[in-house]
Every structure is written in C-alpha cells, then in structure tokens.
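File shown: protein.txt. Contents: compact mmCIF, N, CA and C atoms.
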```
# COMPACT_ATOMS: atom_id res chain seq x y z
N MET C 1 -23.25 -1.68 0.90
CA MET C 1 -22.52 -1.43 -0.33
C MET C 1 -21.15 -0.81 -0.03
N ILE C 2 -21.12 0.12 0.90
CA ILE C 2 -19.85 0.76 1.25
C ILE C 2 -18.91 -0.25 1.87
N ARG C 3 -19.44 -1.18 2.67
CA ARG C 3 -18.56 -2.15 3.34
C ARG C 3 -17.83 -3.03 2.34
N LYS C 4 -18.49 -3.35 1.25
CA LYS C 4 -17.85 -4.21 0.26
C LYS C 4 -16.75 -3.49 -0.50
N LYS C 5 -16.83 -2.19 -0.61
CA LYS C 5 -15.84 -1.45 -1.40
C LYS C 5 -14.84 -0.68 -0.55
N ILE C 6 -14.86 -0.85 0.76
CA ILE C 6 -13.97 -0.06 1.60
C ILE C 6 -12.50 -0.40 1.32
N ASP C 7 -12.21 -1.65 0.98
CA ASP C 7 -10.83 -2.00 0.65
C ASP C 7 -10.37 -1.28 -0.62
N LEU C 8 -11.27 -1.15 -1.59
CA LEU C 8 -10.93 -0.43 -2.82
C LEU C 8 -10.71 1.05 -2.54
N TYR C 9 -11.53 1.64 -1.67
CA TYR C 9 -11.37 3.05 -1.33
C TYR C 9 -10.06 3.29 -0.59
N LEU C 10 -9.65 2.34 0.25
CA LEU C 10 -8.37 2.48 0.94
C LEU C 10 -7.21 2.45 -0.05
N ILE C 11 -7.31 1.60 -1.05
CA ILE C 11 -6.24 1.55 -2.06
C ILE C 11 -6.20 2.85 -2.85
N TYR C 12 -7.36 3.41 -3.19
CA TYR C 12 -7.35 4.69 -3.89
C TYR C 12 -6.78 5.80 -3.01
N LEU C 13 -7.01 5.71 -1.71
CA LEU C 13 -6.40 6.67 -0.80
C LEU C 13 -4.89 6.52 -0.79
N TYR C 14 -4.39 5.29 -0.97
CA TYR C 14 -2.94 5.09 -1.09
C TYR C 14 -2.39 5.82 -2.30
N TYR C 15 -3.13 5.78 -3.41
CA TYR C 15 -2.68 6.49 -4.60
C TYR C 15 -2.55 7.99 -4.31
N ALA C 16 -3.54 8.56 -3.63
CA ALA C 16 -3.47 9.98 -3.31
C ALA C 16 -2.31 10.28 -2.36
N LEU C 17 -2.13 9.43 -1.34
CA LEU C 17 -1.02 9.63 -0.41
C LEU C 17 0.33 9.46 -1.09
N GLU C 18 0.41 8.53 -2.00
CA GLU C 18 1.67 8.32 -2.73
C GLU C 18 2.02 9.56 -3.54
N ALA C 19 1.03 10.16 -4.19
CA ALA C 19 1.28 11.38 -4.95
C ALA C 19 1.70 12.52 -4.02
N CYS C 20 1.04 12.65 -2.87
CA CYS C 20 1.41 13.70 -1.91
C CYS C 20 2.82 13.48 -1.36
N LEU C 21 3.16 12.24 -1.07
CA LEU C 21 4.51 11.95 -0.59
C LEU C 21 5.56 12.25 -1.65
N TYR C 22 5.26 11.94 -2.89
CA TYR C 22 6.20 12.22 -3.98
C TYR C 22 6.42 13.73 -4.12
N ILE C 23 5.34 14.48 -4.10
CA ILE C 23 5.45 15.94 -4.21
C ILE C 23 6.19 16.49 -2.99
N GLY C 24 5.87 15.98 -1.81
CA GLY C 24 6.55 16.43 -0.59
C GLY C 24 8.04 16.14 -0.61
N TYR C 25 8.43 14.96 -1.08
CA TYR C 25 9.86 14.64 -1.18
C TYR C 25 10.57 15.56 -2.17
N ARG C 26 9.90 15.87 -3.26
CA ARG C 26 10.50 16.79 -4.23
C ARG C 26 10.65 18.19 -3.64
N LEU C 27 9.65 18.65 -2.91
CA LEU C 27 9.75 19.96 -2.25
C LEU C 27 10.86 19.96 -1.21
N TRP C 28 11.00 18.86 -0.49
CA TRP C 28 12.03 18.80 0.54
C TRP C 28 13.43 18.83 -0.07
N THR C 29 13.58 18.19 -1.24
CA THR C 29 14.89 18.25 -1.89
C THR C 29 15.19 19.64 -2.43
N ILE C 30 14.15 20.39 -2.78
CA ILE C 30 14.36 21.76 -3.26
C ILE C 30 14.73 22.68 -2.11
N TYR C 31 13.98 22.63 -1.02
CA TYR C 31 14.19 23.57 0.08
C TYR C 31 15.26 23.11 1.06
N GLY C 32 15.51 21.82 1.14
CA GLY C 32 16.59 21.31 1.99
C GLY C 32 16.47 21.71 3.45
N CYS C 33 17.52 22.28 3.99
CA CYS C 33 17.58 22.62 5.42
C CYS C 33 17.15 24.04 5.72
N THR C 34 16.37 24.65 4.87
CA THR C 34 15.87 25.99 5.14
C THR C 34 14.67 25.90 6.07
N GLU C 35 14.12 27.07 6.40
CA GLU C 35 12.95 27.09 7.28
C GLU C 35 11.75 26.41 6.62
N LYS C 36 11.57 26.64 5.33
CA LYS C 36 10.48 25.97 4.60
C LYS C 36 10.72 24.47 4.55
N GLY C 37 11.97 24.07 4.43
CA GLY C 37 12.31 22.66 4.39
C GLY C 37 11.93 21.95 5.67
N ALA C 38 12.08 22.63 6.82
CA ALA C 38 11.71 22.02 8.10
C ALA C 38 10.20 21.78 8.17
N GLY C 39 9.43 22.72 7.64
CA GLY C 39 7.97 22.56 7.61
C GLY C 39 7.55 21.42 6.69
N VAL C 40 8.20 21.33 5.54
CA VAL C 40 7.89 20.25 4.60
C VAL C 40 8.26 18.91 5.22
N TYR C 41 9.40 18.87 5.92
CA TYR C 41 9.83 17.62 6.54
C TYR C 41 8.82 17.17 7.61
N THR C 42 8.33 18.10 8.40
CA THR C 42 7.33 17.77 9.41
C THR C 42 6.06 17.24 8.76
N PHE C 43 5.65 17.88 7.68
CA PHE C 43 4.48 17.42 6.93
C PHE C 43 4.71 16.01 6.39
N LEU C 44 5.91 15.72 5.90
CA LEU C 44 6.22 14.39 5.38
C LEU C 44 6.18 13.33 6.48
N VAL C 45 6.67 13.67 7.66
CA VAL C 45 6.65 12.72 8.78
C VAL C 45 5.21 12.40 9.16
N ILE C 46 4.38 13.41 9.26
CA ILE C 46 2.96 13.20 9.60
C ILE C 46 2.28 12.37 8.51
N LEU C 47 2.55 12.71 7.26
CA LEU C 47 1.95 11.99 6.14
C LEU C 47 2.41 10.54 6.10
N PHE C 48 3.68 10.30 6.36
CA PHE C 48 4.17 8.93 6.35
C PHE C 48 3.55 8.12 7.49
N ASN C 49 3.41 8.73 8.67
CA ASN C 49 2.78 8.00 9.78
C ASN C 49 1.33 7.66 9.44
N PHE C 50 0.63 8.56 8.79
CA PHE C 50 -0.73 8.28 8.35
C PHE C 50 -0.72 7.15 7.33
N TYR C 51 0.23 7.17 6.43
CA TYR C 51 0.36 6.14 5.40
C TYR C 51 0.60 4.77 6.03
N SER C 52 1.50 4.72 7.02
CA SER C 52 1.80 3.45 7.70
C SER C 52 0.59 2.93 8.46
N THR C 53 -0.12 3.84 9.14
CA THR C 53 -1.32 3.45 9.87
C THR C 53 -2.38 2.93 8.91
N LEU C 54 -2.52 3.57 7.78
CA LEU C 54 -3.48 3.16 6.77
C LEU C 54 -3.13 1.78 6.23
N CYS C 55 -1.84 1.50 6.06
CA CYS C 55 -1.42 0.18 5.60
C CYS C 55 -1.80 -0.89 6.60
N LEU C 56 -1.52 -0.66 7.86
CA LEU C 56 -1.87 -1.64 8.89
C LEU C 56 -3.38 -1.81 9.00
N LEU C 57 -4.12 -0.71 8.84
CA LEU C 57 -5.57 -0.79 8.85
C LEU C 57 -6.07 -1.63 7.68
N TYR C 58 -5.47 -1.46 6.52
CA TYR C 58 -5.86 -2.23 5.35
C TYR C 58 -5.64 -3.72 5.56
N VAL C 59 -4.46 -4.08 6.09
CA VAL C 59 -4.17 -5.51 6.32
C VAL C 59 -5.12 -6.08 7.36
N THR C 60 -5.41 -5.31 8.41
CA THR C 60 -6.35 -5.76 9.44
C THR C 60 -7.75 -5.92 8.85
N LEU C 61 -8.15 -4.98 8.01
CA LEU C 61 -9.46 -5.06 7.35
C LEU C 61 -9.54 -6.29 6.45
N GLN C 62 -8.47 -6.58 5.74
CA GLN C 62 -8.45 -7.77 4.89
C GLN C 62 -8.63 -9.03 5.72
N ALA C 63 -7.91 -9.10 6.85
CA ALA C 63 -8.03 -10.27 7.72
C ALA C 63 -9.46 -10.39 8.28
N TYR C 64 -10.04 -9.27 8.67
CA TYR C 64 -11.41 -9.27 9.20
C TYR C 64 -12.40 -9.73 8.12
N MET C 65 -12.25 -9.20 6.91
CA MET C 65 -13.16 -9.57 5.84
C MET C 65 -13.02 -11.04 5.47
N ARG C 66 -11.81 -11.56 5.53
CA ARG C 66 -11.60 -12.98 5.25
C ARG C 66 -12.25 -13.85 6.33
N ARG C 67 -12.11 -13.42 7.58
CA ARG C 67 -12.67 -14.20 8.69
C ARG C 67 -14.19 -14.21 8.65
N LYS C 68 -14.80 -13.08 8.29
CA LYS C 68 -16.26 -12.97 8.23
C LYS C 68 -16.83 -13.47 6.91
N LYS C 69 -15.96 -13.98 6.04
CA LYS C 69 -16.36 -14.52 4.74
C LYS C 69 -17.01 -13.48 3.84
N ILE C 70 -16.56 -12.23 3.97
CA ILE C 70 -17.01 -11.17 3.06
C ILE C 70 -16.13 -11.27 1.82
N SER C 71 -16.75 -11.25 0.66
CA SER C 71 -15.99 -11.46 -0.57
C SER C 71 -15.02 -10.31 -0.83
N ILE C 72 -13.84 -10.69 -1.24
CA ILE C 72 -12.77 -9.73 -1.56
C ILE C 72 -12.28 -10.07 -2.96
N ASN C 73 -12.08 -9.05 -3.75
CA ASN C 73 -11.52 -9.26 -5.07
C ASN C 73 -10.00 -9.16 -4.94
N ILE C 74 -9.37 -10.26 -4.57
CA ILE C 74 -7.93 -10.29 -4.31
C ILE C 74 -7.15 -9.93 -5.57
N LYS C 75 -7.60 -10.41 -6.70
CA LYS C 75 -6.87 -10.16 -7.95
C LYS C 75 -6.85 -8.66 -8.26
N ARG C 76 -7.99 -7.99 -8.17
CA ARG C 76 -8.06 -6.56 -8.45
C ARG C 76 -7.21 -5.77 -7.46
N ASN C 77 -7.32 -6.10 -6.17
CA ASN C 77 -6.56 -5.38 -5.16
C ASN C 77 -5.06 -5.58 -5.33
N THR C 78 -4.66 -6.79 -5.67
CA THR C 78 -3.24 -7.06 -5.87
C THR C 78 -2.71 -6.28 -7.07
N ILE C 79 -3.47 -6.22 -8.13
CA ILE C 79 -3.05 -5.46 -9.31
C ILE C 79 -2.92 -3.98 -8.96
N LEU C 80 -3.87 -3.44 -8.22
CA LEU C 80 -3.79 -2.03 -7.84
C LEU C 80 -2.59 -1.75 -6.94
N LEU C 81 -2.30 -2.66 -6.01
CA LEU C 81 -1.13 -2.49 -5.14
C LEU C 81 0.17 -2.62 -5.92
N LEU C 82 0.20 -3.54 -6.86
CA LEU C 82 1.40 -3.67 -7.68
C LEU C 82 1.63 -2.45 -8.56
N MET C 83 0.56 -1.78 -8.94
CA MET C 83 0.71 -0.53 -9.71
C MET C 83 1.37 0.55 -8.85
N ILE C 84 1.02 0.60 -7.56
CA ILE C 84 1.69 1.55 -6.66
C ILE C 84 3.16 1.20 -6.54
N LEU C 85 3.46 -0.07 -6.41
CA LEU C 85 4.85 -0.52 -6.33
C LEU C 85 5.60 -0.19 -7.61
N LEU C 86 4.96 -0.38 -8.75
CA LEU C 86 5.58 -0.03 -10.03
C LEU C 86 5.80 1.47 -10.13
N PHE C 87 4.85 2.26 -9.63
CA PHE C 87 5.01 3.72 -9.62
C PHE C 87 6.25 4.11 -8.81
N ASP C 88 6.41 3.50 -7.64
CA ASP C 88 7.59 3.79 -6.82
C ASP C 88 8.87 3.43 -7.57
N LEU C 89 8.86 2.27 -8.21
CA LEU C 89 10.06 1.85 -8.94
C LEU C 89 10.36 2.75 -10.12
N LEU C 90 9.32 3.21 -10.81
CA LEU C 90 9.54 4.11 -11.94
C LEU C 90 10.02 5.48 -11.50
N VAL C 91 9.44 5.99 -10.42
CA VAL C 91 9.81 7.33 -9.96
C VAL C 91 11.22 7.36 -9.40
N TYR C 92 11.54 6.39 -8.58
CA TYR C 92 12.83 6.42 -7.90
C TYR C 92 13.89 5.60 -8.61
N GLY C 93 13.55 4.93 -9.68
CA GLY C 93 14.52 4.21 -10.49
C GLY C 93 14.69 2.77 -10.07
N PHE C 94 14.69 1.89 -11.06
CA PHE C 94 14.87 0.47 -10.79
C PHE C 94 16.27 0.16 -10.27
N ASP C 95 17.22 1.02 -10.63
CA ASP C 95 18.61 0.77 -10.25
C ASP C 95 18.90 1.14 -8.80
N ARG C 96 17.97 1.83 -8.15
CA ARG C 96 18.20 2.26 -6.76
C ARG C 96 17.26 1.57 -5.78
N ILE C 97 17.08 0.29 -5.92
CA ILE C 97 16.15 -0.43 -5.05
C ILE C 97 16.65 -0.42 -3.61
N LEU C 98 17.94 -0.62 -3.39
CA LEU C 98 18.47 -0.59 -2.02
C LEU C 98 18.32 0.80 -1.41
N THR C 99 18.48 1.83 -2.22
CA THR C 99 18.29 3.19 -1.73
C THR C 99 16.83 3.42 -1.36
N MET C 100 15.93 2.82 -2.12
CA MET C 100 14.51 2.97 -1.81
C MET C 100 14.18 2.36 -0.45
N PHE C 101 14.80 1.23 -0.14
CA PHE C 101 14.54 0.62 1.16
C PHE C 101 15.07 1.47 2.30
N SER C 102 16.15 2.19 2.08
CA SER C 102 16.71 2.99 3.17
C SER C 102 16.10 4.38 3.25
N ASN C 103 15.69 4.97 2.12
CA ASN C 103 15.21 6.36 2.13
C ASN C 103 13.70 6.51 2.04
N ASN C 104 13.00 5.51 1.57
CA ASN C 104 11.56 5.61 1.37
C ASN C 104 10.84 4.54 2.18
N PRO C 105 10.56 4.81 3.43
CA PRO C 105 9.93 3.78 4.27
C PRO C 105 8.55 3.34 3.79
N GLN C 106 7.86 4.15 2.99
CA GLN C 106 6.56 3.71 2.51
C GLN C 106 6.71 2.54 1.55
N PHE C 107 7.90 2.36 0.99
CA PHE C 107 8.16 1.21 0.13
C PHE C 107 8.02 -0.09 0.92
N TYR C 108 8.45 -0.06 2.19
CA TYR C 108 8.26 -1.22 3.07
C TYR C 108 6.78 -1.57 3.19
N MET C 109 5.96 -0.54 3.36
CA MET C 109 4.53 -0.77 3.58
C MET C 109 3.88 -1.42 2.36
N ILE C 110 4.20 -0.93 1.18
CA ILE C 110 3.62 -1.51 -0.03
C ILE C 110 4.10 -2.95 -0.20
N CYS C 111 5.38 -3.20 0.06
CA CYS C 111 5.89 -4.58 -0.02
C CYS C 111 5.17 -5.47 1.00
N PHE C 112 4.94 -4.95 2.19
CA PHE C 112 4.23 -5.70 3.23
C PHE C 112 2.82 -6.05 2.78
N MET C 113 2.13 -5.10 2.17
CA MET C 113 0.77 -5.36 1.71
C MET C 113 0.76 -6.37 0.56
N CYS C 114 1.72 -6.26 -0.35
CA CYS C 114 1.79 -7.23 -1.45
C CYS C 114 2.07 -8.63 -0.92
N LEU C 115 2.92 -8.74 0.10
CA LEU C 115 3.19 -10.05 0.71
C LEU C 115 1.95 -10.60 1.41
N ALA C 116 1.19 -9.72 2.06
CA ALA C 116 -0.06 -10.16 2.70
C ALA C 116 -1.04 -10.70 1.66
N HIS C 117 -1.14 -10.03 0.53
CA HIS C 117 -2.02 -10.51 -0.55
C HIS C 117 -1.52 -11.84 -1.11
N ALA C 118 -0.22 -11.98 -1.26
CA ALA C 118 0.33 -13.24 -1.77
C ALA C 118 0.02 -14.38 -0.81
N LYS C 119 0.14 -14.11 0.49
CA LYS C 119 -0.17 -15.14 1.48
C LYS C 119 -1.64 -15.56 1.41
N ILE C 120 -2.53 -14.60 1.28
CA ILE C 120 -3.96 -14.91 1.17
C ILE C 120 -4.22 -15.72 -0.10
N TYR C 121 -3.62 -15.30 -1.19
CA TYR C 121 -3.83 -15.99 -2.47
C TYR C 121 -3.33 -17.42 -2.42
N ILE C 122 -2.13 -17.62 -1.87
CA ILE C 122 -1.57 -18.96 -1.78
C ILE C 122 -2.41 -19.84 -0.85
N ARG C 123 -2.86 -19.26 0.27
CA ARG C 123 -3.68 -20.03 1.20
C ARG C 123 -5.00 -20.46 0.54
N ASP C 124 -5.59 -19.56 -0.24
CA ASP C 124 -6.85 -19.91 -0.91
C ASP C 124 -6.64 -20.97 -1.99
N LYS C 125 -5.51 -20.95 -2.65
CA LYS C 125 -5.23 -21.94 -3.68
C LYS C 125 -5.00 -23.33 -3.10
N ARG C 126 -4.53 -23.39 -1.85
CA ARG C 126 -4.25 -24.68 -1.22
C ARG C 126 -5.50 -25.35 -0.67
N LYS C 127 -6.55 -24.59 -0.43
CA LYS C 127 -7.78 -25.17 0.10
C LYS C 127 -8.44 -26.03 -0.97
N PRO C 128 -8.87 -27.24 -0.61
CA PRO C 128 -9.56 -28.05 -1.62
C PRO C 128 -10.97 -27.50 -1.87
N LEU C 129 -11.44 -27.76 -3.06
CA LEU C 129 -12.80 -27.33 -3.39
C LEU C 129 -13.78 -28.18 -2.59
N ARG C 130 -14.98 -27.67 -2.39
CA ARG C 130 -15.97 -28.36 -1.55
C ARG C 130 -16.37 -29.72 -2.12
N ASN C 131 -16.42 -29.84 -3.43
CA ASN C 131 -16.84 -31.12 -4.02
C ASN C 131 -15.66 -32.11 -4.06
N GLU C 132 -14.44 -31.69 -3.73
CA GLU C 132 -13.30 -32.59 -3.70
C GLU C 132 -13.08 -33.21 -2.34
N GLU C 133 -13.73 -32.72 -1.30
CA GLU C 133 -13.49 -33.19 0.06
C GLU C 133 -13.98 -34.58 0.31
```
Output the structure of this file as structure tokens.
Amino acid sequence: MIRKKIDLYLIYLYYALEACLYIGYRLWTIYGCTEKGAGVYTFLVILFNFYSTLCLLYVTLQAYMRRKKISINIKRNTILLLMILLFDLLVYGFDRILTMFSNNPQFYMICFMCLAHAKIYIRDKRKPLRNEE
C-alpha cells in the first residue's frame, strides 16, 4: 500500500519544503547580511539541496514505477505539481518570471518535473490500445 502512494507522499513533501523555502527566503530578506542572515542562508542552501535531490528521486521513482508497470495516477500528480508551480507564480509574481529563473532555483526543479510528466503523458497517448494492434 505504501509503495503505491509513495509518489503522492513525495509531492506532499514538496509542499512542505516549498513553504519552508518561502519562509526562509522571507527571513533572509529581513536579516540580510547580518549574523542571523548567514545562518538562514546556510539553512536555505541545505534545504534547496534536499529539494533538488527529492526532485531527482521523484523523477527516478516515476521512471522505475513506469518500467515495473506499477500504476501511477499521472493526472493527479500533474495537477498537484502544477499547483506548486502556480503557488510559486503567485508568491513571486507573474511579472517576474525571468527573475524567478535566476533567483529561485527550485523553480527549475518544478518545471523539470512538470516536463517529465508531460513526456510520460504524451508517450502514453501515442501508444495504441491493445485491441487496435
């Protein structure tokens, strides 16, 4: 049972990490280059590395589950990932998309995961049905 829902749990962990990163970025802008700011910055670097590793783990898990023919709810996962992307766009502003790419590296990770889901979805749509072969 846990194996079937591990992808969902990873996405929920992304939500928690996204909230922590948002709070951390806000604290870093408040404290700036002070002693507390250096500690917050170190925490953000560690958190971002964990976030990036988690993203790569998620994509690898998706590939493994696809290869072993374990059912994945691609539609649900894609909607949840797009909600994270929408959260980023709402928080940092739709007008600053280029700034998001340069200042928020976790935005790359979410875009990467959404592209991986799109590739899986398109590949599945191109396969003929068994009774059509």
Q.
as a ChimeraX atom specification, please: the residues near Met113 of chain C (cut-off 9 Å, only C-alpha atoms, same-chain neighbours under 3 positions excluded).
A. /C:55-56,58-59,78,81,108-110,116-118
(Q) One decimal, in Å: what's the spacing between atom N of Leu27 of chain C and atom N of Phe107 of chain C? (A) 16.8 Å
**Q.** Among the residues C:Cys33, C:Ala63, C:Ile72, C:Ile84, the one that comes closest to Tyr15 of chain C [using only N, CA and C atoms]
**A.**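 Among the listed residues, the smallest separation from Tyr15 of chain C belongs to C:Ile84.
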Q | atom CA of Asn73 of chain C to atom CA of Glu18 of chain C, straight-line distance in Å | A |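 Atom-to-atom, atom CA of Glu18 of chain C and atom CA of Asn73 of chain C are spaced 22.1 Å apart.
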Q: Can you work out the spacing between atom CA of Ile11 of chain C and atom CA of Ser71 of chain C in Å, to one decimal?
A: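 Separation between atom CA of Ile11 of chain C and atom CA of Ser71 of chain C: 16.3 Å.
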